[in-house]
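Okay, so here's the structure we're looking at.
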Amino acid sequence: MSQTDYSPQQVTLISATDGPKHYWRELWRFKELFFLLAWRDLLVRYKQTFIGVSWAVLRPLITVMVFTFVFGKIAKLPSGDTPYALFVFAAMLPWQFFSTALAEAGNSVVSNANLVTKIYFPRLLLPLSSILVCFVDALIAAILFIGLIIWYGVVPSWHIVFLPIFVLWLALVTLGLSLWIAALNVTYRDFRYLVPFMLQLGMYVSPVGFSSTIIPEKWLWLFYLNPLAGVIDGFRWTILGNDQQLNLMLIFPSLVFTLLLLVYGLIFFRSAEASFADGI
Amino acid sequence: MFGIQSAIRRPPSLQANRDVNEVFWALDDVSFSIAAGERVGVIGRNGAGKSTLLKILSRITKPTKGKIKLVGKLGSLLEVGTGFHPELTGRENIYLNGAILGMSSVEVKSKFDEIVEFAEIEKFLDTPVKRYSSGMYVKLAFSVAAHLEPDLLILDEVLAVGDQRFQKKCFDQIRKLGKESGRAVILVSHNMSAISQICSRCLLLDKGRLVADGETNKVLAQYALQDFEMGLGDKVDLSHHTNKEGSAEKARFNWLQIATSNDSSKLVYIGSDLIIRFSVSFFIAMQPEDITLAVEISTTSGYQVANMLASDSGFNSGVNLGEYVFEVRLDDVRFYPGEYSLSLWIGDSSSSPIDYLIECGKFEISEGGGKVSRRLPSGTAMQFLTPKWTLSAN
């Protein structure tokens, strides 16, 4: 019998009231599982598909082509001096990440029901790792985008240094909303139908196929309540340079809304987490 | 020190079609502690709360009340192959499953060869597990779990894997965990032989309550009795009773019936007459002096309260070949309220049994009855005696 003296960290108290005292430390302890879950989903993602990873490139490419044709060529919407394809792609990249990640992270707890009911780990890992997987997909699409930028001979301006800020913002919006949906989905499977529908509508109220500049001034406040509007404007501004506009005053509500979504999402998810195994 | 202490209550699941005020406690008043190196079995009928207990211990769900103190690292295996992905290869699944069970990749790497060897799947390591036979699949899954090194390992019905030989290998591995490395093991199973082979101690749950906690053999016997429904007046077939001794070559018990003389009442009270009937088939003729017949009565916790030999009552009779029915009438029963078990013995002149059926019947003494005018909490005494009291001045 090993008479080890256990450090206080190795004493776990389970009771109705206190959750793990050090939730964030706990999350860190499970970091390996986080990466392995993402790695699993990546390995499985394109198994038994004919064109494999090409899907990650093909989907945004085709959508960009269609949008360029419909909004640029037929509707002749303005894109400044930027080629319309690049203009759409700069928005399609964050949008497609957002929509796939939201769909998958929103479903992550339910689709991993076998794990949730049989094993303990911080449930937050599930939406987080789903988002990571979609991020890898987005990186592959980004390579295509870089190729396209070079092909068009566009030189990014100094704005590009702000890109990480908008990437982070995008990740936080996605996480914030995913937390709500993942937790609600456990009790109300309605979200399985609601989310694709929301995303379909969302693409038309976000400046994906068109520029934010065409929105009438009196509706701008409403338009920018959508956190994706600020993010997409930011992507265009950082990648495509001076030609694009970024009104900090206007995107500010987007930012505030994102933070509220995230903070309350975390609180909500944490409180719902305890009963996932019972409710799933 | 290592231990779990718990006093759990959980959870008030309100069923939609029931009265909303009716609260169902899946577990209530369950307290125990487990020391390092102990291998503890948890048994009980379906719905007794075993799985809920394990889910709470492994932190999958939270208790509504009470608390558990866990010291050290916990590993739980509530299902073989949790998180296995059919599309991934055996090798990939070992790493994934290891992480899910709480192993670091360094740990998995260092034990990788051991795991593969234990599972006997070297040749198929790079084949997707969806192409595995179900036997290979569970072998691999169990092997990963068997190489976990938590301070407390929780296992739920996971031992029924693979062929007999592999099962034995698993048993040995689990025993090794406890004995050699001082890890505690909690095992839930309906397989009583697995429990008795692995566990030295046993917890018995019934309707969410802990009703017994002790040496495995004793608790298993109590469980067998609890599981066995025998109403008053039922004729119970004894041919399949397993807890027995003797070869039953010369004679064999056939059936048993416990009744009371008061037919209008379905209950036995203090003061009732208890009638025990049983049938015996004799395969040889026997002289009176060659037969010992006895009826034993014990409490459910195994304490013997009576051992009634036929000869004590002056009953001696020889038999020929064939079936005989014996009736034992115990007038004016004085046992305290509670459950009692009954064992039957038939032996020859040397005190070894021909057929000895241990705890093959049971009856309950109910509270109340005409003889008793106060409450008699069960277990507070053995017999309710009403001797003659007199008073005289000295």
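By order of appearance in the structure tokens: chains A, B, ..., then residues from 1 within every chain, and ligands from 1 in the order shown.
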Check your understanding: Taking only C-alpha atoms into account, which residues of chain B are within 8 Å of chain A, as number ranges by chain?
Key -> B: 1, 36-37, 55, 57-73, 76-79, 82-83, 87-88, 96, 99-101, 104-105, 180-183
Could you pull out the helix (DSSP H, G or I) residues of region 42-279 of chain A from DSSP and send them as a ChimeraX atom specification? /A:42-45,54-74,84-111,113-116,125-152,158-187,191-205,212-214,217-223,227-240,248-273,276-279
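Residue nearest Pro337 (chain B), chosen from B:Ala310, B:Val268, B:Ala194, B:Val144 and counting only C-alpha atoms: B:Val268.
Neighbours of Leu152 (chain B) closer than or equal to 6 Å, with only C-alpha atoms counted and sequence neighbours fewer than 5 positions away skipped, come out as Leu74, Arg183, Ala184 and Val185 of chain B.
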Using C-alpha atoms, can you write the selected residues to a file as a compact mmCIF listing (two decimals), in the first residue's frame?
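Output below, filename out-v1.txt:
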# COMPACT_ATOMS: atom_id res chain seq x y z
CA LEU B 74 -9.90 8.63 -10.31
CA ARG B 183 -5.19 0.83 -5.87
CA ALA B 184 -8.81 0.73 -4.88
CA VAL B 185 -11.32 -0.84 -7.21
Select, from A:Gly176, A:Gly72, A:Pro94, A:Pro78, the residue with the minimum atom-to-atom distance to Ser212 (chain A), counting only C-alpha atoms.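 Checking each of A:Gly176, A:Gly72, A:Pro94, A:Pro78 against Ser212 (chain A), counting only C-alpha atoms, the winner is A:Pro78.
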Requested in this report: Find the residues around Lys244 (chain B) up to 7 Å (only C-alpha atoms counted), leave out those fewer than 4 positions away in its own chain, and share them as a ChimeraX atom specification.
Outcome: /B:356-358
Written selection (N, CA and C atoms) as a PDB file, in the first residue's frame:
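Now in part31.pdb:
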ATOM      1  N   TYR B 356     -28.129 -30.462   2.113  1.00  0.00           N
ATOM      2  CA  TYR B 356     -28.235 -29.331   3.034  1.00  0.00           C
ATOM      3  C   TYR B 356     -28.473 -28.092   2.187  1.00  0.00           C
ATOM      4  N   LEU B 357     -29.680 -27.535   2.251  1.00  0.00           N
ATOM      5  CA  LEU B 357     -30.020 -26.368   1.434  1.00  0.00           C
ATOM      6  C   LEU B 357     -29.953 -25.127   2.317  1.00  0.00           C
ATOM      7  N   ILE B 358     -28.971 -24.284   2.037  1.00  0.00           N
ATOM      8  CA  ILE B 358     -28.745 -23.125   2.885  1.00  0.00           C
ATOM      9  C   ILE B 358     -29.610 -21.964   2.413  1.00  0.00           C
TER      10      ILE B 358
END
